[in-house]
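Structure file upload.csv (CSV, C-alpha atoms) follows.
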```csv
chain,number,residue,atom,x,y,z
Q,1,MET,CA,-91.9,88.2,-28.0
Q,2,ARG,CA,-91.4,91.8,-26.7
Q,3,PHE,CA,-90.1,90.3,-23.5
Q,4,LEU,CA,-87.6,88.0,-25.3
Q,5,TYR,CA,-86.5,90.9,-27.5
Q,6,LEU,CA,-85.7,93.0,-24.4
Q,7,ILE,CA,-83.7,90.2,-22.9
Q,8,TRP,CA,-81.7,89.7,-26.0
Q,9,LYS,CA,-80.9,93.4,-26.4
Q,10,ASN,CA,-79.9,93.7,-22.8
Q,11,LEU,CA,-77.5,90.8,-23.0
Q,12,TRP,CA,-75.6,92.3,-25.9
Q,13,ARG,CA,-75.5,96.0,-24.8
Q,14,ARG,CA,-72.0,95.3,-23.5
Q,15,LYS,CA,-70.8,92.7,-26.1
Q,16,LEU,CA,-67.3,92.2,-24.8
Q,17,ARG,CA,-68.4,91.7,-21.2
Q,18,THR,CA,-71.1,89.3,-22.2
Q,19,LEU,CA,-68.7,87.4,-24.5
Q,20,LEU,CA,-66.1,87.1,-21.8
Q,21,THR,CA,-68.7,85.9,-19.3
Q,22,VAL,CA,-70.0,83.3,-21.7
Q,23,PHE,CA,-66.4,82.2,-22.5
Q,24,SER,CA,-65.6,81.7,-18.8
Q,25,THR,CA,-68.8,79.6,-18.5
Q,26,ILE,CA,-67.8,77.5,-21.5
Q,27,VAL,CA,-64.4,76.8,-20.0
Q,28,ALA,CA,-66.1,75.7,-16.8
Q,29,PHE,CA,-68.4,73.3,-18.5
Q,30,VAL,CA,-65.7,71.9,-20.7
Q,31,LEU,CA,-63.8,71.2,-17.5
Q,32,PHE,CA,-66.9,69.7,-16.0
Q,33,GLY,CA,-67.3,67.4,-19.0
Q,34,LEU,CA,-63.7,66.2,-18.9
Q,35,LEU,CA,-63.8,65.6,-15.2
Q,36,ALA,CA,-67.0,63.6,-15.6
Q,37,ALA,CA,-65.3,61.4,-18.2
Q,38,VAL,CA,-62.3,60.9,-15.9
Q,39,ARG,CA,-64.6,59.9,-13.1
Q,40,MET,CA,-66.5,57.6,-15.5
Q,41,GLY,CA,-63.2,56.0,-16.5
Q,42,PHE,CA,-62.2,55.2,-13.0
Q,43,ARG,CA,-65.7,54.1,-11.9
Q,44,ALA,CA,-66.8,52.2,-15.0
Q,45,GLY,CA,-65.9,48.8,-13.4
Q,46,VAL,CA,-67.7,49.8,-10.3
Q,47,ASP,CA,-70.9,51.1,-11.9
Q,48,VAL,CA,-71.5,48.1,-14.2
Q,49,SER,CA,-70.5,45.4,-11.7
Q,50,GLY,CA,-73.1,42.7,-11.4
Q,51,ALA,CA,-75.1,42.9,-8.2
Q,52,ASP,CA,-75.3,39.1,-8.0
Q,53,ARG,CA,-71.6,38.4,-8.7
Q,54,MET,CA,-68.9,37.8,-6.1
Q,55,MET,CA,-65.2,37.3,-6.4
Q,56,VAL,CA,-63.1,34.8,-4.4
Q,57,THR,CA,-59.4,35.7,-4.3
Q,58,HIS,CA,-56.4,34.8,-2.2
Q,59,LYS,CA,-56.7,36.4,1.2
Q,60,ILE,CA,-53.2,38.0,0.9
Q,61,SER,CA,-53.3,39.3,-2.6
Q,62,ILE,CA,-55.1,38.7,-5.9
Q,63,ILE,CA,-51.8,37.9,-7.6
Q,64,LEU,CA,-51.5,34.7,-5.5
Q,65,PRO,CA,-53.3,31.7,-7.1
Q,66,LEU,CA,-56.0,29.4,-5.6
Q,67,PRO,CA,-56.2,25.6,-6.1
Q,68,VAL,CA,-58.5,24.3,-8.8
Q,69,SER,CA,-60.0,21.9,-6.2
Q,70,TYR,CA,-61.7,24.9,-4.4
Q,71,GLN,CA,-64.3,25.1,-7.2
Q,72,GLU,CA,-66.4,22.2,-6.1
Q,73,GLN,CA,-66.4,23.3,-2.5
Q,74,ILE,CA,-67.5,26.8,-3.5
Q,75,LYS,CA,-70.2,25.4,-5.7
Q,76,THR,CA,-71.8,23.5,-2.9
Q,77,THR,CA,-71.9,26.5,-0.6
Q,78,PRO,CA,-75.6,27.5,0.2
Q,79,GLY,CA,-76.6,30.5,-1.8
Q,80,VAL,CA,-74.2,30.0,-4.6
Q,81,GLN,CA,-75.8,29.3,-8.0
Q,82,GLU,CA,-72.8,29.1,-10.4
Q,83,VAL,CA,-69.0,29.2,-10.3
Q,84,THR,CA,-66.4,29.9,-12.9
Q,85,HIS,CA,-62.8,31.0,-12.8
Q,86,ALA,CA,-60.2,33.2,-14.5
Q,87,ASN,CA,-56.4,33.5,-14.7
Q,88,TRP,CA,-54.6,36.7,-15.6
Q,89,PHE,CA,-52.4,36.1,-18.6
Q,90,GLY,CA,-50.4,39.4,-19.1
Q,91,GLY,CA,-49.2,39.0,-22.7
Q,92,ILE,CA,-48.1,41.7,-25.1
Q,93,TYR,CA,-48.9,42.0,-28.8
Q,94,LYS,CA,-45.9,42.7,-30.9
Q,95,GLU,CA,-44.5,45.5,-28.7
Q,96,PRO,CA,-44.4,46.1,-25.0
Q,97,LYS,CA,-46.6,49.2,-25.3
Q,98,ASN,CA,-49.4,47.0,-26.9
Q,99,PHE,CA,-50.8,45.8,-23.6
Q,100,PHE,CA,-54.4,45.0,-22.9
Q,101,PRO,CA,-56.2,42.7,-20.4
Q,102,GLN,CA,-56.1,39.0,-21.3
Q,103,MET,CA,-57.5,36.1,-19.2
Q,104,ALA,CA,-57.8,32.4,-19.4
Q,105,VAL,CA,-61.3,31.4,-18.5
Q,106,ASP,CA,-63.7,28.4,-18.3
Q,107,VAL,CA,-65.3,28.8,-21.7
Q,108,SER,CA,-68.2,26.5,-20.7
Q,109,ASN,CA,-69.9,29.0,-18.5
Q,110,PHE,CA,-67.9,32.3,-18.3
Q,111,LEU,CA,-70.3,34.2,-20.5
Q,112,ASP,CA,-73.2,33.0,-18.5
Q,113,LEU,CA,-71.9,35.0,-15.6
Q,114,TYR,CA,-71.3,38.1,-17.7
Q,115,PRO,CA,-74.5,38.7,-19.6
Q,116,GLU,CA,-73.3,42.3,-20.3
Q,117,TYR,CA,-71.0,40.9,-23.0
Q,118,VAL,CA,-72.8,40.5,-26.3
Q,119,LEU,CA,-71.4,37.8,-28.6
Q,120,PRO,CA,-73.1,36.2,-31.6
Q,121,ALA,CA,-74.2,32.6,-31.1
Q,122,ASP,CA,-72.0,31.2,-33.9
Q,123,GLN,CA,-68.9,33.0,-32.6
Q,124,LYS,CA,-69.6,31.7,-29.1
Q,125,LYS,CA,-69.8,28.2,-30.4
Q,126,ALA,CA,-66.6,28.5,-32.3
Q,127,TRP,CA,-64.9,29.9,-29.2
Q,128,GLN,CA,-66.0,27.0,-27.1
Q,129,SER,CA,-65.1,24.3,-29.6
Q,130,ASP,CA,-61.6,25.4,-30.5
Q,131,ARG,CA,-58.9,25.1,-27.7
Q,132,THR,CA,-56.8,27.9,-29.2
Q,133,ALA,CA,-59.7,30.3,-29.9
Q,134,ALA,CA,-60.1,33.6,-28.2
Q,135,ILE,CA,-62.8,36.3,-28.2
Q,136,VAL,CA,-61.8,40.0,-28.2
Q,137,GLY,CA,-63.6,43.1,-27.0
Q,138,ARG,CA,-64.7,45.6,-29.6
Q,139,LYS,CA,-62.3,48.3,-28.4
Q,140,THR,CA,-59.2,46.2,-28.6
Q,141,ALA,CA,-60.3,44.7,-31.9
Q,142,GLU,CA,-60.6,48.2,-33.4
Q,143,ARG,CA,-57.4,49.3,-31.7
Q,144,PHE,CA,-55.3,46.6,-33.4
Q,145,GLY,CA,-57.5,45.8,-36.4
Q,146,PHE,CA,-58.4,42.3,-35.3
Q,147,LYS,CA,-61.0,40.5,-37.3
Q,148,VAL,CA,-62.8,37.2,-36.8
Q,149,GLY,CA,-60.6,34.5,-38.3
Q,150,ASP,CA,-57.3,36.2,-37.6
Q,151,ARG,CA,-54.5,34.3,-35.9
Q,152,ILE,CA,-52.6,36.4,-33.4
Q,153,THR,CA,-49.5,35.8,-31.3
Q,154,LEU,CA,-49.0,37.1,-27.7
Q,155,GLU,CA,-45.7,37.0,-25.9
Q,156,ALA,CA,-46.4,36.2,-22.2
Q,157,PRO,CA,-44.3,35.5,-19.1
Q,158,TRP,CA,-45.8,31.9,-19.0
Q,159,LEU,CA,-43.2,29.3,-20.2
Q,160,ARG,CA,-44.6,26.7,-22.6
Q,161,LYS,CA,-43.7,23.1,-22.7
Q,162,ASP,CA,-41.8,23.7,-26.0
Q,163,GLY,CA,-39.6,26.3,-24.1
Q,164,GLY,CA,-41.1,29.3,-25.9
Q,165,ARG,CA,-43.2,32.2,-24.6
Q,166,ASN,CA,-45.2,32.9,-27.7
Q,167,TRP,CA,-48.8,31.9,-27.5
Q,168,GLU,CA,-51.0,31.7,-30.7
Q,169,PHE,CA,-54.7,32.3,-30.7
Q,170,ASN,CA,-57.5,32.2,-33.3
Q,171,VAL,CA,-59.8,35.1,-33.1
Q,172,ALA,CA,-63.2,33.3,-33.0
Q,173,GLY,CA,-65.4,36.3,-32.0
Q,174,ILE,CA,-65.6,40.0,-31.2
Q,175,PHE,CA,-67.9,40.9,-28.3
Q,176,ASP,CA,-69.7,44.2,-27.6
Q,177,GLY,CA,-71.1,45.6,-24.4
Q,178,LYS,CA,-74.8,46.0,-23.7
Q,179,GLN,CA,-74.1,49.5,-22.2
Q,180,LYS,CA,-71.6,52.2,-23.2
Q,181,GLU,CA,-70.0,51.9,-19.8
Q,182,THR,CA,-69.1,48.2,-20.4
Q,183,ASP,CA,-65.4,47.6,-20.7
Q,184,THR,CA,-64.7,45.8,-24.0
Q,185,SER,CA,-60.9,45.9,-24.0
Q,186,ALA,CA,-60.2,42.3,-22.8
Q,187,LEU,CA,-59.3,39.1,-24.6
Q,188,TYR,CA,-60.6,35.8,-23.2
Q,189,PHE,CA,-59.4,32.3,-24.1
Q,190,ASN,CA,-59.7,28.7,-23.0
Q,191,TYR,CA,-58.1,27.9,-19.7
Q,192,ASP,CA,-57.6,24.3,-20.8
Q,193,TYR,CA,-55.3,25.5,-23.6
Q,194,MET,CA,-53.2,27.3,-21.1
Q,195,LYS,CA,-53.2,24.4,-18.7
Q,196,GLU,CA,-52.2,21.8,-21.3
Q,197,SER,CA,-49.4,24.0,-22.7
Q,198,LEU,CA,-47.7,25.2,-19.5
Q,199,ALA,CA,-44.3,23.9,-18.7
Q,200,SER,CA,-45.0,23.7,-15.0
Q,201,SER,CA,-47.7,21.3,-13.9
Q,202,SER,CA,-48.0,22.9,-10.5
Q,203,ILE,CA,-49.1,26.2,-12.0
Q,204,ALA,CA,-51.5,24.3,-14.3
Q,205,ASN,CA,-53.5,23.1,-11.2
Q,206,GLN,CA,-54.2,26.6,-10.0
Q,207,VAL,CA,-56.5,29.5,-11.0
Q,208,GLY,CA,-56.2,33.2,-10.4
Q,209,TRP,CA,-59.7,33.8,-8.8
Q,210,TYR,CA,-63.2,32.5,-8.8
Q,211,ILE,CA,-66.3,34.3,-10.0
Q,212,ILE,CA,-69.6,33.2,-8.4
Q,213,ARG,CA,-73.2,34.1,-9.0
Q,214,ILE,CA,-75.4,34.1,-5.9
Q,215,ALA,CA,-79.2,33.7,-5.6
Q,216,ASP,CA,-79.8,36.8,-3.5
Q,217,PRO,CA,-77.4,39.8,-3.4
Q,218,ALA,CA,-78.9,40.8,0.0
Q,219,HIS,CA,-77.2,37.7,1.5
Q,220,SER,CA,-73.8,38.4,0.0
Q,221,PRO,CA,-72.1,39.1,3.5
Q,222,GLU,CA,-73.3,35.7,4.8
Q,223,ILE,CA,-72.3,33.8,1.7
Q,224,ALA,CA,-68.8,35.4,1.8
Q,225,LYS,CA,-68.4,34.3,5.4
Q,226,ARG,CA,-69.4,30.8,4.6
Q,227,ILE,CA,-67.0,30.5,1.7
Q,228,ASP,CA,-64.0,32.0,3.6
Q,229,ALA,CA,-64.8,29.8,6.6
Q,230,GLN,CA,-64.3,26.6,4.5
Q,231,PHE,CA,-60.7,27.6,3.7
Q,232,ALA,CA,-59.7,29.2,7.0
Q,233,ASN,CA,-56.3,28.0,8.2
Q,234,SER,CA,-55.5,26.3,4.8
Q,235,PRO,CA,-52.4,27.1,2.8
Q,236,ALA,CA,-54.5,29.3,0.5
Q,237,GLU,CA,-57.0,31.2,2.6
Q,238,THR,CA,-59.6,33.2,0.6
Q,239,LYS,CA,-61.2,36.6,0.6
Q,240,THR,CA,-64.7,36.8,-0.8
Q,241,GLN,CA,-66.4,40.1,-1.7
Q,242,THR,CA,-68.9,41.4,-4.1
Q,243,GLU,CA,-67.6,42.4,-7.6
Q,244,LYS,CA,-68.5,46.0,-6.9
Q,245,GLU,CA,-66.4,46.0,-3.7
Q,246,MET,CA,-63.5,44.6,-5.5
Q,247,ALA,CA,-63.8,47.1,-8.4
Q,248,GLN,CA,-64.1,49.9,-5.9
Q,249,GLY,CA,-60.9,48.7,-4.1
Q,250,PHE,CA,-59.0,48.9,-7.3
Q,251,ALA,CA,-60.4,52.4,-8.0
Q,252,ASN,CA,-59.4,53.6,-4.5
Q,253,GLN,CA,-55.8,52.6,-5.1
Q,254,VAL,CA,-55.4,55.7,-7.2
Q,255,GLY,CA,-57.4,57.8,-4.7
Q,256,ASN,CA,-61.0,58.7,-4.3
Q,257,ILE,CA,-61.6,60.1,-7.8
Q,258,GLY,CA,-65.2,60.9,-7.1
Q,259,VAL,CA,-64.4,63.2,-4.1
Q,260,LEU,CA,-61.5,64.8,-5.9
Q,261,VAL,CA,-63.6,65.6,-9.0
Q,262,THR,CA,-66.5,66.9,-6.8
Q,263,TRP,CA,-64.2,69.4,-5.1
Q,264,ILE,CA,-62.6,70.6,-8.3
Q,265,VAL,CA,-66.0,71.1,-9.9
Q,266,ALA,CA,-67.3,72.9,-6.8
Q,267,ALA,CA,-64.4,75.3,-6.8
Q,268,VAL,CA,-64.8,76.1,-10.5
Q,269,PHE,CA,-68.5,76.8,-10.2
Q,270,ILE,CA,-68.3,78.9,-7.1
Q,271,THR,CA,-65.7,81.0,-8.9
Q,272,LEU,CA,-68.0,81.1,-11.9
Q,273,LEU,CA,-71.0,82.1,-9.8
Q,274,LEU,CA,-69.1,85.1,-8.5
Q,275,VAL,CA,-68.2,86.1,-12.1
Q,276,VAL,CA,-71.7,85.8,-13.4
Q,277,ALA,CA,-73.2,87.5,-10.3
Q,278,ASN,CA,-70.7,90.4,-10.7
Q,279,THR,CA,-71.6,90.8,-14.4
Q,280,MET,CA,-75.4,90.9,-13.7
Q,281,ALA,CA,-74.9,93.4,-10.8
Q,282,LEU,CA,-72.9,95.7,-13.1
Q,283,SER,CA,-75.6,95.4,-15.7
Q,284,ILE,CA,-78.4,96.3,-13.3
Q,285,ARG,CA,-76.4,99.3,-12.0
Q,286,GLU,CA,-76.0,100.6,-15.5
Q,287,ARG,CA,-79.7,100.2,-16.3
Q,288,VAL,CA,-81.4,101.7,-13.3
Q,289,GLY,CA,-83.0,104.4,-15.4
Q,290,GLU,CA,-84.1,102.0,-18.1
Q,291,LEU,CA,-85.7,99.7,-15.5
Q,292,ALA,CA,-87.6,102.8,-14.0
Q,293,VAL,CA,-88.8,103.6,-17.5
Q,294,LEU,CA,-90.0,100.1,-18.0
Q,295,LYS,CA,-92.0,100.2,-14.8
Q,296,THR,CA,-93.4,103.5,-15.8
Q,297,LEU,CA,-94.6,102.0,-19.1
Q,298,GLY,CA,-96.5,99.3,-17.2
Q,299,PHE,CA,-94.0,96.5,-16.6
Q,300,THR,CA,-94.7,94.9,-13.2
Q,301,HIS,CA,-92.2,94.4,-10.5
Q,302,VAL,CA,-92.3,90.6,-11.1
Q,303,GLN,CA,-91.8,91.0,-14.8
Q,304,VAL,CA,-88.7,93.1,-14.3
Q,305,MET,CA,-87.4,90.6,-11.9
Q,306,LEU,CA,-88.0,87.7,-14.3
Q,307,MET,CA,-86.4,89.6,-17.1
Q,308,VAL,CA,-83.1,90.0,-15.1
Q,309,LEU,CA,-83.3,86.3,-14.0
Q,310,ALA,CA,-83.8,85.2,-17.6
Q,311,GLU,CA,-80.7,87.2,-18.7
Q,312,SER,CA,-78.6,85.5,-16.0
Q,313,CYS,CA,-79.9,82.0,-16.9
Q,314,ALA,CA,-79.4,82.6,-20.6
Q,315,VAL,CA,-75.7,83.4,-20.1
Q,316,ALA,CA,-75.3,80.2,-17.9
Q,317,LEU,CA,-77.3,77.9,-20.3
Q,318,LEU,CA,-75.5,79.2,-23.4
Q,319,GLY,CA,-72.2,78.5,-21.8
Q,320,ALA,CA,-73.4,75.1,-20.7
Q,321,VAL,CA,-74.6,74.2,-24.2
Q,322,LEU,CA,-71.4,75.3,-25.9
Q,323,GLY,CA,-69.1,73.9,-23.2
Q,324,LEU,CA,-70.7,70.5,-22.9
Q,325,GLY,CA,-71.0,70.3,-26.7
Q,326,LEU,CA,-67.2,71.0,-26.9
Q,327,ALA,CA,-66.5,68.4,-24.2
Q,328,LEU,CA,-68.5,65.8,-26.1
Q,329,GLY,CA,-66.5,66.6,-29.2
Q,330,ILE,CA,-63.0,66.3,-27.6
Q,331,VAL,CA,-63.6,63.5,-25.1
Q,332,PRO,CA,-63.7,60.7,-27.7
Q,333,ALA,CA,-60.4,62.0,-29.2
Q,334,ILE,CA,-58.8,62.0,-25.7
Q,335,GLY,CA,-60.3,58.6,-25.0
Q,336,LYS,CA,-58.5,57.0,-28.0
Q,337,GLY,CA,-55.2,58.1,-26.7
Q,338,LEU,CA,-56.0,56.8,-23.2
Q,339,GLN,CA,-57.7,53.6,-24.0
Q,340,GLN,CA,-54.7,51.5,-23.0
Q,341,PHE,CA,-55.0,52.8,-19.5
Q,342,ILE,CA,-58.7,53.9,-19.3
Q,343,PRO,CA,-60.8,51.7,-21.6
Q,344,VAL,CA,-64.1,53.5,-20.8
Q,345,PHE,CA,-63.7,57.3,-21.3
Q,346,LEU,CA,-67.0,59.1,-22.0
Q,347,VAL,CA,-69.4,61.7,-20.6
Q,348,PRO,CA,-72.4,59.8,-19.2
Q,349,PRO,CA,-75.9,61.1,-20.2
Q,350,ARG,CA,-76.7,61.6,-16.5
Q,351,ASP,CA,-73.7,64.0,-16.2
Q,352,ILE,CA,-74.9,65.9,-19.2
Q,353,ALA,CA,-78.3,66.3,-17.6
Q,354,LEU,CA,-76.6,67.3,-14.3
Q,355,GLY,CA,-74.6,69.9,-16.2
Q,356,PHE,CA,-77.7,71.6,-17.5
Q,357,ALA,CA,-79.3,71.5,-14.1
Q,358,ILE,CA,-76.2,73.1,-12.6
Q,359,ALA,CA,-76.3,75.8,-15.3
Q,360,LEU,CA,-79.9,76.6,-14.5
Q,361,LEU,CA,-79.2,76.8,-10.8
Q,362,LEU,CA,-76.1,78.8,-11.4
Q,363,GLY,CA,-78.1,81.3,-13.5
Q,364,LEU,CA,-80.8,81.6,-10.8
Q,365,ALA,CA,-78.3,81.9,-8.0
Q,366,ALA,CA,-76.2,84.6,-9.8
Q,367,GLY,CA,-79.2,86.5,-11.1
Q,368,PHE,CA,-81.4,86.5,-8.0
Q,369,PRO,CA,-79.6,89.3,-6.0
Q,370,PRO,CA,-79.7,91.8,-8.9
Q,371,ALA,CA,-83.2,90.6,-9.9
Q,372,TRP,CA,-84.4,91.2,-6.3
Q,373,GLN,CA,-82.8,94.6,-6.4
Q,374,ALA,CA,-84.5,95.4,-9.7
Q,375,MET,CA,-87.9,94.3,-8.4
Q,376,ARG,CA,-87.7,96.5,-5.3
Q,377,LEU,CA,-86.5,99.5,-7.3
Q,378,ARG,CA,-88.8,102.5,-6.8
Q,379,ILE,CA,-89.5,104.6,-9.9
Q,380,VAL,CA,-88.9,108.0,-8.3
Q,381,GLU,CA,-85.7,107.0,-6.6
Q,382,ALA,CA,-84.4,105.4,-9.8
Q,383,LEU,CA,-85.1,108.5,-11.9
Q,384,ARG,CA,-83.2,110.6,-9.5
Q,385,ARG,CA,-80.1,108.6,-10.0
Q,386,VAL,CA,-80.1,109.2,-13.8
```
What is this file in structure tokens?
Amino acid sequence: MRFLYLIWKNLWRRKLRTLLTVFSTIVAFVLFGLLAAVRMGFRAGVDVSGADRMMVTHKISIILPLPVSYQEQIKTTPGVQEVTHANWFGGIYKEPKNFFPQMAVDVSNFLDLYPEYVLPADQKKAWQSDRTAAIVGRKTAERFGFKVGDRITLEAPWLRKDGGRNWEFNVAGIFDGKQKETDTSALYFNYDYMKESLASSSIANQVGWYIIRIADPAHSPEIAKRIDAQFANSPAETKTQTEKEMAQGFANQVGNIGVLVTWIVAAVFITLLLVVANTMALSIRERVGELAVLKTLGFTHVQVMLMVLAESCAVALLGAVLGLGLALGIVPAIGKGLQQFIPVFLVPPRDIALGFAIALLLGLAAGFPPAWQAMRLRIVEALRRV
């Protein structure tokens, strides 16, 4: 207890300096939390991608469709267990700003390939039995106030047989994600409803992309080559890749967020390291006489060194606790404003743990030079300086 009392008293002997140092640490860890959330937002699709899922798209661009007839050929490819497909819909709800992902899918097996989506059995049955039914992710349902049983209208670029562009859907279910990182912003509806209602029959015989489940993720390169070889030199050649590779490709279109965030965080913490180290060095120079007296009273060299290190770590950890706590408080509020563009915006638990580990290392690194100096301090020389 005496040891802790001395640490506490020494921390607050220069209150303004300590407060400013803690404040700078808080700012650094708030920034760390925000950048972690940004990185999570851009990597959410990459991190939760299924290891056994692959995507088959048009070789030139994902916006170009593939023939429906490809499904049976893909299904018979060695290593492929199951195949489903999806079409981008691109509708808006009431106003152009009310945009969210919507896809026409094969309702018979789509959820089998996406076990991370949690949907009650009765809602799944209602979705599969009603041609005009749709299921909506929890985030989008909360955003617009959708409830099971609602009938909603989306205006889409797809022309219907009746000449209109308004598509009506019955909300049959609301799905959640097994993990916090799971994106629950999409709406899925029956591909057959879209196919039967489209004005153009040629479009109705095409799909946007295929999703396949493979038996062994280790053989994904071989399976990709087999699939693409089947459609080589055809009017619609394919590009097969793992879902993670595809998600990473989309993330890379806005730059390597992970590297950018890492460099920003590194610059911030190097600056902070110098601030805390300077603070501790000043504190030790002011207390040379006091440290000599402590050694005279029986404190060992190691005890004095540990006391200085504990002070440095206390400043860093206090800043981390307050800074990360503040980040956890403001990130959800920011996420609500960005959910249209970044559906998953949160500070992952692993980054919180990493933050505390960095704070501890920061305290040790900043406190070690003055602590080493305090340990080597000789009583006679120290008393002469007083």
List every protein, DNA or RNA residue that has an atom no more than 10 Å from (-51.7, 37.9, -35.8) in the file's coordinate frame, counting all atoms listed in the file, and report them as a ChimeraX atom specification.
/Q:93-94,144-147,149-154,168-171
Please determine the residues with any atom at most 7 Å from (-57.9, 34.9, -1.4) (coordinates as given in the file, with only C-alpha atoms counting) and report them as a PyMOL selection string.
chain Q and resi 56-62+236-239
Preceding selection exported with C-alpha atoms as a PDB file, keeping the file's coordinate frame:
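To be explicit, this is the file written out as result_28.pdb:
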```pdb
ATOM      1  CA  VAL Q  56     -63.100  34.800  -4.400  1.00  0.00           C
ATOM      2  CA  THR Q  57     -59.400  35.700  -4.300  1.00  0.00           C
ATOM      3  CA  HIS Q  58     -56.400  34.800  -2.200  1.00  0.00           C
ATOM      4  CA  LYS Q  59     -56.700  36.400   1.200  1.00  0.00           C
ATOM      5  CA  ILE Q  60     -53.200  38.000   0.900  1.00  0.00           C
ATOM      6  CA  SER Q  61     -53.300  39.300  -2.600  1.00  0.00           C
ATOM      7  CA  ILE Q  62     -55.100  38.700  -5.900  1.00  0.00           C
ATOM      8  CA  ALA Q 236     -54.500  29.300   0.500  1.00  0.00           C
ATOM      9  CA  GLU Q 237     -57.000  31.200   2.600  1.00  0.00           C
ATOM     10  CA  THR Q 238     -59.600  33.200   0.600  1.00  0.00           C
ATOM     11  CA  LYS Q 239     -61.200  36.600   0.600  1.00  0.00           C
TER      12      LYS Q 239
END
```
Selected residue of minimal separation from Thr242 (chain Q) among Q:Ile264, Q:Tyr70, Q:Phe110, Q:Ile214, counting all atoms listed in the file
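Closest candidate: Q:Ile214.
Taking CA of Arg14 (chain Q) and CA of Ala320 (chain Q) as endpoints, the distance between them is 20.4 Å.
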For region 128-135 of chain Q: contacts at 6 Å, all atoms listed in the file, fewer than 6 positions along chain excluded, given as a ChimeraX atom specification
/Q:107,169-174,187-190,193
I'd like the neighbourhood of Arg376 (chain Q) as an MDAnalysis selection string, where a residue qualifies if any of its atoms comes within 10 Å (using all atoms listed in the file), though same-chain residues fewer than 6 positions away should be ignored.
chainID Q and resid 301:302 304:305 370
Take CA of Trp88 (chain Q) and CA of Met246 (chain Q) and report the distance between them in Å, one decimal.
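One can read the CA of Trp88 (chain Q) to CA of Met246 (chain Q) distance as 15.6 Å.
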